[in-house]
$ cat input38.pdb   # PDB, C-alpha atoms and all ligand atoms
ATOM      1  CA  MET F  11     -28.548-118.924 145.515
ATOM      2  CA  VAL F  12     -27.097-118.269 142.041
ATOM      3  CA  PRO F  13     -28.482-120.893 139.602
ATOM      4  CA  ALA F  14     -25.860-123.028 137.875
ATOM      5  CA  LEU F  15     -25.366-121.844 134.293
ATOM      6  CA  THR F  16     -24.442-125.284 132.994
ATOM      7  CA  GLN F  17     -25.128-128.822 134.210
ATOM      8  CA  PRO F  18     -22.391-131.502 133.930
ATOM      9  CA  GLY F  19     -24.436-133.216 131.184
ATOM     10  CA  GLU F  20     -24.585-130.014 129.201
ATOM     11  CA  LEU F  21     -20.803-129.634 129.434
ATOM     12  CA  LEU F  22     -20.372-133.195 128.171
ATOM     13  CA  CYS F  23     -22.724-132.507 125.249
ATOM     14  CA  GLU F  24     -20.831-129.335 124.412
ATOM     15  CA  HIS F  25     -17.516-131.227 124.531
ATOM     16  CA  ARG F  26     -18.939-133.992 122.300
ATOM     17  CA  GLY F  27     -20.208-131.312 119.915
ATOM     18  CA  GLU F  28     -16.734-129.750 119.723
ATOM     19  CA  MET F  29     -15.158-133.161 119.108
ATOM     20  CA  ALA F  30     -17.657-133.949 116.349
ATOM     21  CA  GLU F  31     -16.969-130.541 114.793
ATOM     22  CA  ALA F  32     -13.203-131.173 114.882
ATOM     23  CA  ALA F  33     -13.653-134.602 113.202
ATOM     24  CA  ARG F  34     -16.120-133.433 110.547
ATOM     25  CA  GLN F  35     -14.992-133.376 106.929
ATOM     26  CA  ILE F  36     -13.921-129.889 105.841
ATOM     27  CA  ARG F  37     -15.887-128.420 102.948
ATOM     28  CA  VAL F  38     -15.221-125.519 100.608
ATOM     29  CA  ARG F  39     -17.796-123.403 102.485
ATOM     30  CA  ASP F  40     -15.955-123.964 105.799
ATOM     31  CA  LEU F  41     -12.913-122.046 104.559
ATOM     32  CA  LYS F  42     -14.975-118.898 103.971
ATOM     33  CA  GLU F  43     -16.544-119.384 107.416
ATOM     34  CA  LYS F  44     -13.079-119.643 108.942
ATOM     35  CA  LYS F  45     -12.135-116.320 107.362
ATOM     36  CA  ARG F  46     -15.319-114.730 108.710
ATOM     37  CA  ARG F  47     -14.525-116.005 112.220
ATOM     38  CA  GLY F  48     -10.868-114.905 111.957
ATOM     39  CA  GLU F  49      -9.601-118.518 112.210
ATOM     40  CA  LYS F  50      -6.427-119.202 110.228
ATOM     41  CA  ILE F  51      -6.345-122.034 107.675
ATOM     42  CA  ALA F  52      -3.454-124.554 107.739
ATOM     43  CA  MET F  53      -2.704-126.146 104.357
ATOM     44  CA  LEU F  54       0.141-128.478 103.295
ATOM     45  CA  THR F  55       1.003-130.314 100.110
ATOM     46  CA  VAL F  56       0.362-134.073 100.347
ATOM     47  CA  TYR F  57       1.175-136.686  97.730
ATOM     48  CA  ASP F  58       0.348-140.135  99.142
ATOM     49  CA  ALA F  59      -2.083-142.030 101.369
ATOM     50  CA  THR F  60       0.302-142.601 104.302
ATOM     51  CA  MET F  61       1.184-138.920 104.553
ATOM     52  CA  ALA F  62      -2.515-138.063 104.206
ATOM     53  CA  ARG F  63      -3.404-140.341 107.160
ATOM     54  CA  LEU F  64      -0.701-138.776 109.340
ATOM     55  CA  LEU F  65      -1.467-135.160 108.448
ATOM     56  CA  ASP F  66      -5.213-135.758 108.832
ATOM     57  CA  ARG F  67      -4.480-136.879 112.419
ATOM     58  CA  ALA F  68      -2.553-133.629 112.887
ATOM     59  CA  GLY F  69      -5.647-131.620 111.918
ATOM     60  CA  ILE F  70      -4.336-129.953 108.741
ATOM     61  CA  ASP F  71      -7.354-128.281 107.091
ATOM     62  CA  VAL F  72      -6.472-128.477 103.385
ATOM     63  CA  PHE F  73      -4.332-130.994 101.478
ATOM     64  CA  LEU F  74      -2.964-129.743  98.176
ATOM     65  CA  VAL F  75      -1.920-132.416  95.703
ATOM     66  CA  GLY F  76       0.470-129.866  94.257
ATOM     67  CA  ASP F  77       2.281-130.043  90.952
ATOM     68  CA  SER F  78       5.348-129.473  93.150
ATOM     69  CA  LEU F  79       5.293-133.294  93.128
ATOM     70  CA  GLY F  80       7.153-132.934  89.831
ATOM     71  CA  MET F  81      10.098-131.596  91.822
ATOM     72  CA  VAL F  82       9.963-133.364  95.204
ATOM     73  CA  ILE F  83       8.588-136.756  94.079
ATOM     74  CA  GLN F  84       9.636-137.052  90.440
ATOM     75  CA  GLY F  85      12.953-135.170  90.646
ATOM     76  CA  HIS F  86      12.307-132.647  87.853
ATOM     77  CA  GLU F  87      13.739-129.123  88.022
ATOM     78  CA  THR F  88      10.375-127.452  87.394
ATOM     79  CA  THR F  89       6.678-128.346  87.644
ATOM     80  CA  LEU F  90       6.257-128.165  83.853
ATOM     81  CA  PRO F  91       6.669-131.891  83.005
ATOM     82  CA  VAL F  92       3.882-132.935  85.430
ATOM     83  CA  THR F  93       0.977-134.628  83.637
ATOM     84  CA  LEU F  94      -2.720-134.835  84.459
ATOM     85  CA  GLU F  95      -2.259-138.616  84.887
ATOM     86  CA  ALA F  96       0.411-138.032  87.564
ATOM     87  CA  ILE F  97      -1.772-135.589  89.519
ATOM     88  CA  LEU F  98      -4.728-137.981  89.183
ATOM     89  CA  HIS F  99      -2.650-140.920  90.448
ATOM     90  CA  HIS F 100      -1.519-138.983  93.544
ATOM     91  CA  THR F 101      -4.980-137.462  94.120
ATOM     92  CA  GLU F 102      -6.516-140.938  94.261
ATOM     93  CA  ALA F 103      -3.869-142.051  96.758
ATOM     94  CA  VAL F 104      -4.322-138.956  98.946
ATOM     95  CA  THR F 105      -8.115-139.201  99.020
ATOM     96  CA  ARG F 106      -7.870-142.882 100.081
ATOM     97  CA  GLY F 107      -5.918-141.733 103.150
ATOM     98  CA  THR F 108      -8.047-138.680 103.994
ATOM     99  CA  LYS F 109     -11.094-138.492 106.239
ATOM    100  CA  ARG F 110     -11.237-134.846 107.333
ATOM    101  CA  ALA F 111      -9.113-132.471 105.227
ATOM    102  CA  LEU F 112     -10.349-130.767 102.066
ATOM    103  CA  VAL F 113      -8.391-132.269  99.138
ATOM    104  CA  VAL F 114      -7.481-129.810  96.378
ATOM    105  CA  ALA F 115      -5.781-131.077  93.198
ATOM    106  CA  ASP F 116      -3.460-128.845  91.176
ATOM    107  CA  MET F 117      -4.235-128.575  87.473
ATOM    108  CA  PRO F 118      -0.875-129.143  85.764
ATOM    109  CA  PHE F 119       0.676-127.156  82.908
ATOM    110  CA  LEU F 120      -1.349-127.366  79.653
ATOM    111  CA  SER F 121      -4.334-129.046  81.331
ATOM    112  CA  TYR F 122      -6.384-125.786  81.352
ATOM    113  CA  GLN F 123      -4.598-123.342  79.027
ATOM    114  CA  VAL F 124      -5.466-124.919  75.662
ATOM    115  CA  SER F 125      -9.256-124.644  75.617
ATOM    116  CA  VAL F 126     -12.198-124.250  77.979
ATOM    117  CA  PRO F 127     -13.775-127.663  77.172
ATOM    118  CA  ASP F 128     -10.385-129.306  77.709
ATOM    119  CA  ALA F 129     -10.075-127.588  81.086
ATOM    120  CA  VAL F 130     -13.554-128.700  82.198
ATOM    121  CA  ARG F 131     -12.872-132.302  81.124
ATOM    122  CA  ASN F 132      -9.480-132.393  82.872
ATOM    123  CA  ALA F 133     -10.739-130.767  86.083
ATOM    124  CA  GLY F 134     -13.669-133.204  86.046
ATOM    125  CA  ARG F 135     -11.267-136.155  85.965
ATOM    126  CA  LEU F 136      -9.517-134.849  89.105
ATOM    127  CA  ILE F 137     -12.882-134.480  90.845
ATOM    128  CA  GLN F 138     -13.812-138.028  89.754
ATOM    129  CA  GLY F 139     -10.458-139.079  91.257
ATOM    130  CA  GLY F 140     -11.609-137.814  94.652
ATOM    131  CA  ALA F 141     -10.533-134.143  94.821
ATOM    132  CA  ALA F 142     -13.092-131.697  96.231
ATOM    133  CA  ALA F 143     -11.631-128.751  94.301
ATOM    134  CA  VAL F 144      -8.937-127.825  91.780
ATOM    135  CA  LYS F 145      -6.266-125.112  91.794
ATOM    136  CA  LEU F 146      -5.259-123.096  88.715
ATOM    137  CA  GLU F 147      -2.479-120.543  88.279
ATOM    138  CA  GLY F 148      -3.214-117.106  86.851
ATOM    139  CA  GLY F 149      -5.571-114.142  86.779
ATOM    140  CA  ARG F 150      -7.445-112.542  83.894
ATOM    141  CA  PRO F 151      -6.269-115.008  81.175
ATOM    142  CA  ILE F 152      -8.076-117.875  82.958
ATOM    143  CA  LEU F 153     -11.273-116.123  84.114
ATOM    144  CA  GLU F 154     -13.483-117.835  81.531
ATOM    145  CA  VAL F 155     -12.120-121.224  82.561
ATOM    146  CA  VAL F 156     -12.803-120.439  86.239
ATOM    147  CA  GLU F 157     -16.406-119.420  85.443
ATOM    148  CA  ARG F 158     -17.051-122.557  83.411
ATOM    149  CA  LEU F 159     -15.580-124.840  86.071
ATOM    150  CA  VAL F 160     -17.694-123.226  88.775
ATOM    151  CA  ASP F 161     -20.768-123.518  86.482
ATOM    152  CA  ALA F 162     -19.960-127.213  86.153
ATOM    153  CA  GLY F 163     -19.935-127.575  89.956
ATOM    154  CA  ILE F 164     -16.158-127.707  90.329
ATOM    155  CA  PRO F 165     -14.825-125.463  93.122
ATOM    156  CA  VAL F 166     -11.749-123.451  92.097
ATOM    157  CA  MET F 167      -8.827-122.237  94.196
ATOM    158  CA  GLY F 168      -6.943-119.425  92.437
ATOM    159  CA  HIS F 169      -3.178-118.840  92.538
ATOM    160  CA  LEU F 170      -1.531-115.425  91.975
ATOM    161  CA  GLY F 171       1.932-113.900  92.473
ATOM    162  CA  LEU F 172       4.791-116.217  91.610
ATOM    163  CA  LEU F 173       3.334-118.724  89.158
ATOM    164  CA  PRO F 174       5.731-121.691  88.900
ATOM    165  CA  GLN F 175       4.159-122.786  85.578
ATOM    166  CA  HIS F 176       5.372-119.409  84.168
ATOM    167  CA  VAL F 177       8.955-119.907  85.393
ATOM    168  CA  HIS F 178      10.512-119.247  81.977
ATOM    169  CA  GLU F 179       8.409-116.155  81.268
ATOM    170  CA  LEU F 180       9.273-114.840  84.771
ATOM    171  CA  SER F 181      12.971-115.680  84.280
ATOM    172  CA  GLY F 182      13.136-117.723  87.474
ATOM    173  CA  TYR F 183      11.492-118.097  90.858
ATOM    174  CA  ARG F 184      11.517-114.478  92.037
ATOM    175  CA  MET F 185       9.240-112.351  94.189
ATOM    176  CA  GLN F 186       6.369-110.747  92.247
ATOM    177  CA  ALA F 187       4.288-107.539  92.574
ATOM    178  CA  ARG F 188       7.111-105.423  93.988
ATOM    179  CA  GLU F 189       6.327-102.460  91.727
ATOM    180  CA  PRO F 190       3.128-100.487  92.461
ATOM    181  CA  ARG F 191       1.677-101.111  88.960
ATOM    182  CA  GLU F 192       2.318-104.840  89.243
ATOM    183  CA  ALA F 193       0.766-104.867  92.728
ATOM    184  CA  GLU F 194      -2.340-103.008  91.458
ATOM    185  CA  ARG F 195      -2.724-105.498  88.631
ATOM    186  CA  LEU F 196      -2.474-108.397  91.074
ATOM    187  CA  ILE F 197      -5.128-106.848  93.351
ATOM    188  CA  GLU F 198      -7.465-106.425  90.335
ATOM    189  CA  ASP F 199      -6.814-110.016  89.270
ATOM    190  CA  ALA F 200      -7.684-111.185  92.781
ATOM    191  CA  ARG F 201     -11.016-109.322  92.676
ATOM    192  CA  MET F 202     -11.756-110.748  89.217
ATOM    193  CA  LEU F 203     -11.064-114.301  90.394
ATOM    194  CA  GLU F 204     -13.434-113.815  93.317
ATOM    195  CA  THR F 205     -16.118-112.449  90.963
ATOM    196  CA  ALA F 206     -15.556-115.403  88.603
ATOM    197  CA  GLY F 207     -16.393-117.721  91.512
ATOM    198  CA  ALA F 208     -13.066-118.843  93.035
ATOM    199  CA  PHE F 209     -13.587-119.941  96.662
ATOM    200  CA  SER F 210     -10.052-119.137  97.862
ATOM    201  CA  LEU F 211      -6.760-117.822  96.556
ATOM    202  CA  VAL F 212      -3.115-118.839  97.006
ATOM    203  CA  LEU F 213      -0.719-115.867  97.060
ATOM    204  CA  GLU F 214       2.861-116.943  96.360
ATOM    205  CA  SER F 215       6.013-114.845  96.902
ATOM    206  CA  ILE F 216       4.620-111.327  97.044
ATOM    207  CA  PRO F 217       5.325-108.510  99.534
ATOM    208  CA  ALA F 218       3.439-108.829 102.836
ATOM    209  CA  ASP F 219       1.693-105.456 102.428
ATOM    210  CA  VAL F 220       0.298-106.457  98.998
ATOM    211  CA  ALA F 221      -0.972-109.742 100.486
ATOM    212  CA  LYS F 222      -2.538-107.750 103.330
ATOM    213  CA  THR F 223      -4.407-105.503 100.869
ATOM    214  CA  VAL F 224      -5.666-108.488  98.842
ATOM    215  CA  THR F 225      -6.769-110.260 102.036
ATOM    216  CA  GLY F 226      -8.621-107.124 103.142
ATOM    217  CA  VAL F 227     -10.516-106.541  99.887
ATOM    218  CA  LEU F 228     -11.661-110.145  99.312
ATOM    219  CA  SER F 229     -14.364-112.046 101.149
ATOM    220  CA  ILE F 230     -12.803-115.379 100.064
ATOM    221  CA  PRO F 231      -9.774-116.550 102.085
ATOM    222  CA  THR F 232      -6.202-115.972 100.932
ATOM    223  CA  ILE F 233      -3.584-118.633 101.604
ATOM    224  CA  GLY F 234      -0.015-117.396 101.558
ATOM    225  CA  ILE F 235       3.313-118.994 100.744
ATOM    226  CA  GLY F 236       6.172-116.535 101.047
ATOM    227  CA  ALA F 237       3.563-113.754 101.280
ATOM    228  CA  GLY F 238       3.870-112.749 104.944
ATOM    229  CA  PRO F 239       1.626-113.155 107.988
ATOM    230  CA  TYR F 240      -1.544-111.278 106.969
ATOM    231  CA  CYS F 241      -3.115-113.963 104.766
ATOM    232  CA  ASP F 242      -6.105-115.948 106.045
ATOM    233  CA  GLY F 243      -4.049-119.133 105.944
ATOM    234  CA  GLN F 244      -0.637-120.516 105.052
ATOM    235  CA  VAL F 245       0.601-123.328 102.829
ATOM    236  CA  LEU F 246       4.001-125.000 102.646
ATOM    237  CA  VAL F 247       5.402-127.819 100.548
ATOM    238  CA  SER F 248       5.390-130.617 103.169
ATOM    239  CA  TYR F 249       8.783-131.952 102.033
ATOM    240  CA  ASP F 250      10.266-128.500 102.791
ATOM    241  CA  ALA F 251       8.489-128.190 106.151
ATOM    242  CA  PHE F 252       9.568-131.641 107.351
ATOM    243  CA  GLY F 253      13.178-131.530 106.128
ATOM    244  CA  LEU F 254      12.655-134.131 103.388
ATOM    245  CA  ASN F 255      13.729-131.910 100.523
ATOM    246  CA  VAL F 256      17.339-132.650  99.610
ATOM    247  CA  ASP F 257      17.499-129.638  97.268
ATOM    248  CA  SER F 258      17.610-126.041  98.456
ATOM    249  CA  VAL F 259      14.408-124.723 100.036
ATOM    250  CA  PRO F 260      13.031-121.180  99.643
ATOM    251  CA  PRO F 261      14.153-118.738 102.376
ATOM    252  CA  PHE F 262      10.611-118.186 103.748
ATOM    253  CA  VAL F 263      10.214-121.884 104.686
ATOM    254  CA  ARG F 264      10.245-122.854 108.362
ATOM    255  CA  GLN F 265      11.508-126.408 108.829
ATOM    256  CA  TYR F 266       9.427-128.099 111.550
ATOM    257  CA  ALA F 267      11.347-131.386 111.619
ATOM    258  CA  ASP F 268      14.420-132.983 110.128
ATOM    259  CA  LEU F 269      12.846-136.214 108.899
ATOM    260  CA  GLY F 270      15.446-136.431 106.128
ATOM    261  CA  GLU F 271      18.304-136.780 108.657
ATOM    262  CA  LEU F 272      16.216-139.208 110.772
ATOM    263  CA  MET F 273      15.700-141.396 107.686
ATOM    264  CA  VAL F 274      19.410-141.376 106.837
ATOM    265  CA  GLU F 275      20.267-142.359 110.438
ATOM    266  CA  ALA F 276      17.598-145.086 110.511
ATOM    267  CA  ALA F 277      18.780-146.481 107.150
ATOM    268  CA  ARG F 278      22.417-146.500 108.351
ATOM    269  CA  ALA F 279      21.445-148.377 111.526
ATOM    270  CA  TYR F 280      19.477-150.937 109.499
ATOM    271  CA  ALA F 281      22.328-151.482 107.010
ATOM    272  CA  GLU F 282      24.791-151.904 109.897
ATOM    273  CA  ASP F 283      22.529-154.531 111.568
ATOM    274  CA  VAL F 284      22.125-156.444 108.290
ATOM    275  CA  ARG F 285      25.874-156.416 107.603
ATOM    276  CA  GLN F 286      26.701-157.593 111.124
ATOM    277  CA  GLY F 287      24.035-160.328 111.061
ATOM    278  CA  LYS F 288      22.073-158.661 113.894
ATOM    279  CA  PHE F 289      18.895-158.424 111.849
ATOM    280  CA  PRO F 290      16.752-160.485 111.644
ATOM    281  CA  PRO F 291      17.176-162.301 114.991
ATOM    282  CA  LEU F 292      16.532-166.051 114.843
ATOM    283  CA  GLU F 293      14.086-166.044 117.781
ATOM    284  CA  CYS F 294      11.559-163.966 115.826
ATOM    285  CA  HIS F 295      11.477-166.457 112.989
ATOM    286  CA  ALA F 296       9.298-169.546 112.714
ATOM    287  CA  SER F 297      11.093-172.814 111.921
ATOM    288  CA  THR F 298       9.430-175.703 110.078
ATOM    289  CA  PRO F 299       8.352-178.575 112.437
ATOM    290  CA  ALA F 300      10.795-180.845 110.637
ATOM    291  CA  ALA F 301      13.639-178.423 111.306
ATOM    292  CA  SER F 302      12.773-178.174 115.011
ATOM    293  CA  ASP F 303      12.561-182.019 115.221
ATOM    294  CA  MET F 304      15.985-182.259 113.662
ATOM    295  CA  ARG F 305      17.403-180.013 116.352
ATOM    296  CA  LYS F 306      16.098-182.319 119.166
TER     297      LYS F 306
HETATM  298  O1  LIG E 401       2.334-127.186  93.783
HETATM  299  C1  LIG E 401       2.450-126.638  94.880
HETATM  300  O2  LIG E 401       3.035-127.171  95.825
HETATM  301  C2  LIG E 401       1.855-125.311  95.042
HETATM  302  C3  LIG E 401       2.131-124.597  96.322
HETATM  303  C4  LIG E 401       3.460-123.963  96.247
HETATM  304  C5  LIG E 401       1.067-123.619  96.645
HETATM  305  O3  LIG E 401       1.217-124.828  94.160
END
$ encode --input "input38.pdb" --output "structure tokens"
Amino acid sequence: MVPALTQPGELLCEHRGEMAEAARQIRVRDLKEKKRRGEKIAMLTVYDATMARLLDRAGIDVFLVGDSLGMVIQGHETTLPVTLEAILHHTEAVTRGTKRALVVADMPFLSYQVSVPDAVRNAGRLIQGGAAAVKLEGGRPILEVVERLVDAGIPVMGHLGLLPQHVHELSGYRMQAREPREAERLIEDARMLETAGAFSLVLESIPADVAKTVTGVLSIPTIGIGAGPYCDGQVLVSYDAFGLNVDSVPPFVRQYADLGELMVEAARAYAEDVRQGKFPPLECHASTPAASDMRK
């Protein structure tokens, strides 16, 4: 007789182990492990506690409290007016709603470019607000800042390619690293960020083959947005992905739902009910005892 390889109890234990693993809080180290195992990382921007609760249930690995909130929440045309206070406010809300995902807070414009001590203090405030890591845009100009943050115990996610905080210098939101010299520079910057201690790297709007090279030469995971399929993970602005962005969305975005239209329809139905006196219905409302006596 062939001995059974597993007993029912063992299977149950294994299943429980998998469930516990799926529910466990994601740490910085887990992202590198995911890359090593060839598991892709799913990241979305999140700005409030309700969205955090919902997307945590969906099993999103990383929540980015992105400075894109300047555009989709605050209605600005760029991310440049976003303040540290605004990112801190949204980071605190997101972390209140998060049990599993790794929360990364974006460092806004001028919060890390002025001086290294300033950068450490500002990043520290975001960590005190509940973030597990911070994200900074740029390569060699910010290497010293990255080193000092990592020395201070603050994990850093890098960001190369299209840098929205450089929108004026770049003359708009256009694809980067198309020329071989530009691509080489970006690959060197990526290596330097890894050496400086970054634990992962966002690659925004660059050709897929450049992203593939960067992903191949680094041991830290790359997370792409408009950078093709070869990155170790992907990130989208959640408002774009769920159809909540009323402005134009970049061409690489895939819209997974049309929540914007659903909200408009729901709001129309509500307004119609209110105007026709159909909401609220009387039977759902308590009357005072005196009022019910009067009706007898
Ligand atoms: O702020 C943001 O949403 C971002 C993503 C585009 C990566 O930085």
$ residues_around --input "input38.pdb" --residues "Arg188 in chain F" --least-positions-apart "2" --cutoff "12 Å" --atoms "only C-alpha atoms" --output "MDAnalysis selection string"
chainID F and resid 171:172 184:186 190:196 215:221 237
$ residues_near_ligand --input "input38.pdb" --ligand "ligand LIG 401 (chain E)" --cutoff "6 Å" --atoms "only C-alpha atoms and all ligand atoms" --output "NGL selection string"
:F and (55 or 76-78 or 247)
$ closest_residue --input "input38.pdb" --among "F:Leu254, F:Val284, F:Leu98, F:Val259" --to "Tyr183 in chain F" --atoms "all atoms listed in the file"
F:Val259
$ residues_around --input "input38.pdb" --residues "Leu146 in chain F" --least-positions-apart "2" --cutoff "8 Å" --atoms "all atoms listed in the file" --output "list in words"
Asp116, Met117, Tyr122, Val144, Gly148, Val166, Met167, Gly168 and His169 of chain F
$ resolve_selection --input "input38.pdb" --expression "the PyMOL selection byres (((chain F and resi 130) around 10) and not hetatm)" --output "list in words"
Ser121, Tyr122, Ser125, Val126, Pro127, Asp128, Ala129, Arg131, Asn132, Ala133, Gly134, Arg135, Val155, Val156, Arg158, Leu159, Val160, Asp161, Ala162 and Ile164 of chain F
$ residues_near_point --input "input38.pdb" --point "(-2.2, -114.4, 98.1)" --cutoff "8 Å" --atoms "only C-alpha atoms" --output "PyMOL selection string"
chain F and resi 169-171+211-214+216+221+224-225+232-235+237+241
$ atom_distance --input "input38.pdb" --atom1 "CA of Glu157 in chain F" --atom2 "CA of Ile230 in chain F"
15.6 Å
$ residues_near_point --input "input38.pdb" --point "(-12.7, -119.1, 110.8)" --cutoff "12 Å" --atoms "only C-alpha atoms" --output "list in words"
Ile36, Arg39, Asp40, Leu41, Lys42, Glu43, Lys44, Lys45, Arg46, Arg47, Gly48, Glu49, Lys50, Ile51, Ala52, Asp71, Ile230, Pro231, Asp242 and Gly243 of chain F
$ atom_distance --input "input38.pdb" --atom1 "CA of Ala62 in chain F" --atom2 "CA of Thr88 in chain F"
23.7 Å
